Amino acid sequence: MPDAVSLAGVVLAGGESRRMGRDKATLQIPGSAGGSSATTMVEYVVGIVGQRCEPVFVMAAQGQPLPALEAVHVMRDELSGLGPLPATARGLRAAAEAGARIAFVCAVDMPFLTVELIEDLARRALETNAEVVLP
């Protein structure tokens, strides 16, 4: 698929992480270096999504601490505790307003995400004129 196809990215980072007991977005990726060069889950996922998507929107909870993220638009939940659907809808609206034809939406807890998967899903969406494509 040519890179000319406008593909926005939406990363859902504002979950409550009840089962994990702490914020998933700021979890350090296993095997990453400690200290200031550590890679958090949100930095990793945004880094992968940003290799193919422009613009990238990170949907975060109100007051949720995030590391400094370059070249992304951080948007905060308008209302707390409503789950991922309102954040997804808001991210898709922002992508459409930015002129993107299609958008890739993913959760922040995807340490095995690849640019190839994003490309494959976008290609399938265009080939089939699908509104939603799942791996």
# chains A, B, ... in the order shown; residues from 1 in each chain; ligands from 1
$ select_by_dssp --residues "stretch 17-100 of chain A" --states "helix (DSSP H, G or I)" --output "number ranges by chain"
A: 35-37, 41-50, 84-97
$ select_by_dssp --residues "chain A" --states "strand (DSSP E or B)" --output "PDB file with N, CA, C and O atoms, in the first residue's frame"
ATOM      1  N   LEU A   7      -3.305   7.674   6.907  1.00  0.00           N
ATOM      2  CA  LEU A   7      -3.671   6.731   7.961  1.00  0.00           C
ATOM      3  C   LEU A   7      -3.330   7.359   9.300  1.00  0.00           C
ATOM      4  O   LEU A   7      -2.160   7.574   9.612  1.00  0.00           O
ATOM      5  N   ALA A   8      -4.350   7.689  10.069  1.00  0.00           N
ATOM      6  CA  ALA A   8      -4.125   8.232  11.402  1.00  0.00           C
ATOM      7  C   ALA A   8      -3.966   7.086  12.389  1.00  0.00           C
ATOM      8  O   ALA A   8      -4.383   5.963  12.123  1.00  0.00           O
ATOM      9  N   GLY A   9      -3.387   7.379  13.527  1.00  0.00           N
ATOM     10  CA  GLY A   9      -3.244   6.403  14.598  1.00  0.00           C
ATOM     11  C   GLY A   9      -3.939   6.887  15.855  1.00  0.00           C
ATOM     12  O   GLY A   9      -3.853   8.069  16.192  1.00  0.00           O
ATOM     13  N   VAL A  10      -4.633   5.976  16.520  1.00  0.00           N
ATOM     14  CA  VAL A  10      -5.298   6.283  17.787  1.00  0.00           C
ATOM     15  C   VAL A  10      -4.858   5.225  18.790  1.00  0.00           C
ATOM     16  O   VAL A  10      -5.117   4.038  18.599  1.00  0.00           O
ATOM     17  N   VAL A  11      -4.180   5.665  19.853  1.00  0.00           N
ATOM     18  CA  VAL A  11      -3.703   4.756  20.894  1.00  0.00           C
ATOM     19  C   VAL A  11      -4.529   5.006  22.149  1.00  0.00           C
ATOM     20  O   VAL A  11      -4.534   6.113  22.692  1.00  0.00           O
ATOM     21  N   LEU A  12      -5.233   3.971  22.595  1.00  0.00           N
ATOM     22  CA  LEU A  12      -6.077   4.066  23.790  1.00  0.00           C
ATOM     23  C   LEU A  12      -5.218   3.763  25.013  1.00  0.00           C
ATOM     24  O   LEU A  12      -4.836   2.626  25.246  1.00  0.00           O
ATOM     25  N   GLN A  28       7.233  -0.214  32.325  1.00  0.00           N
ATOM     26  CA  GLN A  28       8.463  -0.335  31.553  1.00  0.00           C
ATOM     27  C   GLN A  28       8.412  -1.622  30.745  1.00  0.00           C
ATOM     28  O   GLN A  28       7.982  -2.669  31.240  1.00  0.00           O
ATOM     29  N   THR A  40       8.657   2.996  28.121  1.00  0.00           N
ATOM     30  CA  THR A  40       7.369   2.607  28.677  1.00  0.00           C
ATOM     31  C   THR A  40       6.499   2.031  27.568  1.00  0.00           C
ATOM     32  O   THR A  40       6.791   2.189  26.377  1.00  0.00           O
ATOM     33  N   VAL A  56      -0.890  11.019  15.054  1.00  0.00           N
ATOM     34  CA  VAL A  56      -1.128  10.012  16.091  1.00  0.00           C
ATOM     35  C   VAL A  56      -1.786  10.711  17.277  1.00  0.00           C
ATOM     36  O   VAL A  56      -1.300  11.750  17.740  1.00  0.00           O
ATOM     37  N   PHE A  57      -2.883  10.136  17.746  1.00  0.00           N
ATOM     38  CA  PHE A  57      -3.615  10.649  18.899  1.00  0.00           C
ATOM     39  C   PHE A  57      -3.501   9.646  20.037  1.00  0.00           C
ATOM     40  O   PHE A  57      -3.738   8.457  19.830  1.00  0.00           O
ATOM     41  N   VAL A  58      -3.133  10.111  21.212  1.00  0.00           N
ATOM     42  CA  VAL A  58      -3.100   9.272  22.414  1.00  0.00           C
ATOM     43  C   VAL A  58      -4.268   9.700  23.281  1.00  0.00           C
ATOM     44  O   VAL A  58      -4.358  10.856  23.696  1.00  0.00           O
ATOM     45  N   MET A  59      -5.158   8.765  23.524  1.00  0.00           N
ATOM     46  CA  MET A  59      -6.343   9.026  24.333  1.00  0.00           C
ATOM     47  C   MET A  59      -6.019   8.619  25.762  1.00  0.00           C
ATOM     48  O   MET A  59      -5.770   7.437  26.036  1.00  0.00           O
ATOM     49  N   ALA A  60      -5.996   9.603  26.672  1.00  0.00           N
ATOM     50  CA  ALA A  60      -5.580   9.359  28.054  1.00  0.00           C
ATOM     51  C   ALA A  60      -6.686   9.762  29.029  1.00  0.00           C
ATOM     52  O   ALA A  60      -7.563  10.560  28.696  1.00  0.00           O
ATOM     53  N   HIS A  73      -0.635  13.895  19.562  1.00  0.00           N
ATOM     54  CA  HIS A  73      -1.640  14.747  20.188  1.00  0.00           C
ATOM     55  C   HIS A  73      -2.235  13.961  21.349  1.00  0.00           C
ATOM     56  O   HIS A  73      -2.872  12.939  21.123  1.00  0.00           O
ATOM     57  N   VAL A  74      -1.999  14.415  22.577  1.00  0.00           N
ATOM     58  CA  VAL A  74      -2.588  13.761  23.744  1.00  0.00           C
ATOM     59  C   VAL A  74      -3.941  14.406  24.003  1.00  0.00           C
ATOM     60  O   VAL A  74      -4.046  15.624  24.130  1.00  0.00           O
ATOM     61  N   MET A  75      -4.973  13.572  24.041  1.00  0.00           N
ATOM     62  CA  MET A  75      -6.325  14.041  24.314  1.00  0.00           C
ATOM     63  C   MET A  75      -6.809  13.347  25.583  1.00  0.00           C
ATOM     64  O   MET A  75      -6.631  12.138  25.739  1.00  0.00           O
ATOM     65  N   ARG A  76      -7.407  14.110  26.472  1.00  0.00           N
ATOM     66  CA  ARG A  76      -7.878  13.574  27.758  1.00  0.00           C
ATOM     67  C   ARG A  76      -9.365  13.242  27.689  1.00  0.00           C
ATOM     68  O   ARG A  76     -10.130  13.922  27.000  1.00  0.00           O
ATOM     69  N   ILE A 102      -8.524   6.758   6.737  1.00  0.00           N
ATOM     70  CA  ILE A 102      -8.741   5.637   7.638  1.00  0.00           C
ATOM     71  C   ILE A 102      -7.875   5.831   8.883  1.00  0.00           C
ATOM     72  O   ILE A 102      -6.943   6.640   8.879  1.00  0.00           O
ATOM     73  N   ALA A 103      -8.183   5.078   9.932  1.00  0.00           N
ATOM     74  CA  ALA A 103      -7.418   5.177  11.173  1.00  0.00           C
ATOM     75  C   ALA A 103      -7.135   3.788  11.721  1.00  0.00           C
ATOM     76  O   ALA A 103      -7.957   2.887  11.616  1.00  0.00           O
ATOM     77  N   PHE A 104      -5.970   3.656  12.312  1.00  0.00           N
ATOM     78  CA  PHE A 104      -5.591   2.445  13.030  1.00  0.00           C
ATOM     79  C   PHE A 104      -5.792   2.734  14.511  1.00  0.00           C
ATOM     80  O   PHE A 104      -5.247   3.709  15.034  1.00  0.00           O
ATOM     81  N   VAL A 105      -6.590   1.910  15.189  1.00  0.00           N
ATOM     82  CA  VAL A 105      -6.876   2.086  16.607  1.00  0.00           C
ATOM     83  C   VAL A 105      -6.332   0.885  17.357  1.00  0.00           C
ATOM     84  O   VAL A 105      -6.567  -0.264  16.962  1.00  0.00           O
ATOM     85  N   CYS A 106      -5.605   1.144  18.447  1.00  0.00           N
ATOM     86  CA  CYS A 106      -5.090   0.036  19.252  1.00  0.00           C
ATOM     87  C   CYS A 106      -5.026   0.434  20.717  1.00  0.00           C
ATOM     88  O   CYS A 106      -5.060   1.620  21.058  1.00  0.00           O
ATOM     89  N   ALA A 107      -4.903  -0.574  21.561  1.00  0.00           N
ATOM     90  CA  ALA A 107      -4.714  -0.361  22.990  1.00  0.00           C
ATOM     91  C   ALA A 107      -3.240  -0.093  23.259  1.00  0.00           C
ATOM     92  O   ALA A 107      -2.373  -0.415  22.440  1.00  0.00           O
TER      93      ALA A 107
END
$ atom_distance --atom1 "atom CA of A:Pro65" --atom2 "atom CA of A:Gly99"
28.7 Å
$ atom_distance --atom1 "atom CA of A:Ala96" --atom2 "atom CA of A:Leu134"
20.1 Å
$ atom_distance --atom1 "atom CA of A:Arg123" --atom2 "atom CA of A:Val5"
9.7 Å
$ residues_around --residues "A:Arg90" --least-positions-apart "4" --cutoff "9 Å" --atoms "only C-alpha atoms" --output "list in words"
Met59, Met75, Asp77, Leu85, Pro86, Ala94 and Ala95 of chain A
$ write_last_selection --atoms "C-alpha atoms" --output "PDB file, in the first residue's frame"
ATOM      1  CA  MET A  59      -6.343   9.026  24.333  1.00  0.00           C
ATOM      2  CA  MET A  75      -6.325  14.041  24.314  1.00  0.00           C
ATOM      3  CA  ASP A  77     -11.174  11.834  28.518  1.00  0.00           C
ATOM      4  CA  LEU A  85     -15.746   3.470  23.437  1.00  0.00           C
ATOM      5  CA  PRO A  86     -16.036   7.237  24.036  1.00  0.00           C
ATOM      6  CA  ALA A  94     -10.050  13.809  15.609  1.00  0.00           C
ATOM      7  CA  ALA A  95      -8.542  11.627  12.863  1.00  0.00           C
TER       8      ALA A  95
END
$ closest_residue --among "A:Pro111, A:Glu43, A:Leu27, A:Val132" --to "A:Leu69" --atoms "only C-alpha atoms"
A:Glu43
$ residues_around --residues "A:Thr114" --least-positions-apart "4" --cutoff "9 Å" --atoms "only C-alpha atoms" --output "PDB file with C-alpha atoms, in the first residue's frame"
ATOM      1  CA  VAL A  45       3.384   1.639  21.047  1.00  0.00           C
ATOM      2  CA  ILE A  48       5.520   1.807  16.312  1.00  0.00           C
ATOM      3  CA  VAL A  49       2.245   3.522  15.369  1.00  0.00           C
ATOM      4  CA  ILE A 118      -0.654  -1.957  10.836  1.00  0.00           C
ATOM      5  CA  GLU A 119       0.166  -1.998   7.123  1.00  0.00           C
TER       6      GLU A 119
END
$ residues_around --residues "A:Gly47" --least-positions-apart "3" --cutoff "10 Å" --atoms "only C-alpha atoms" --output "count of residues only"
14
$ closest_residue --among "A:Pro55, A:Glu131, A:Asp120, A:Gly81" --to "A:Glu97" --atoms "only C-alpha atoms"
A:Pro55
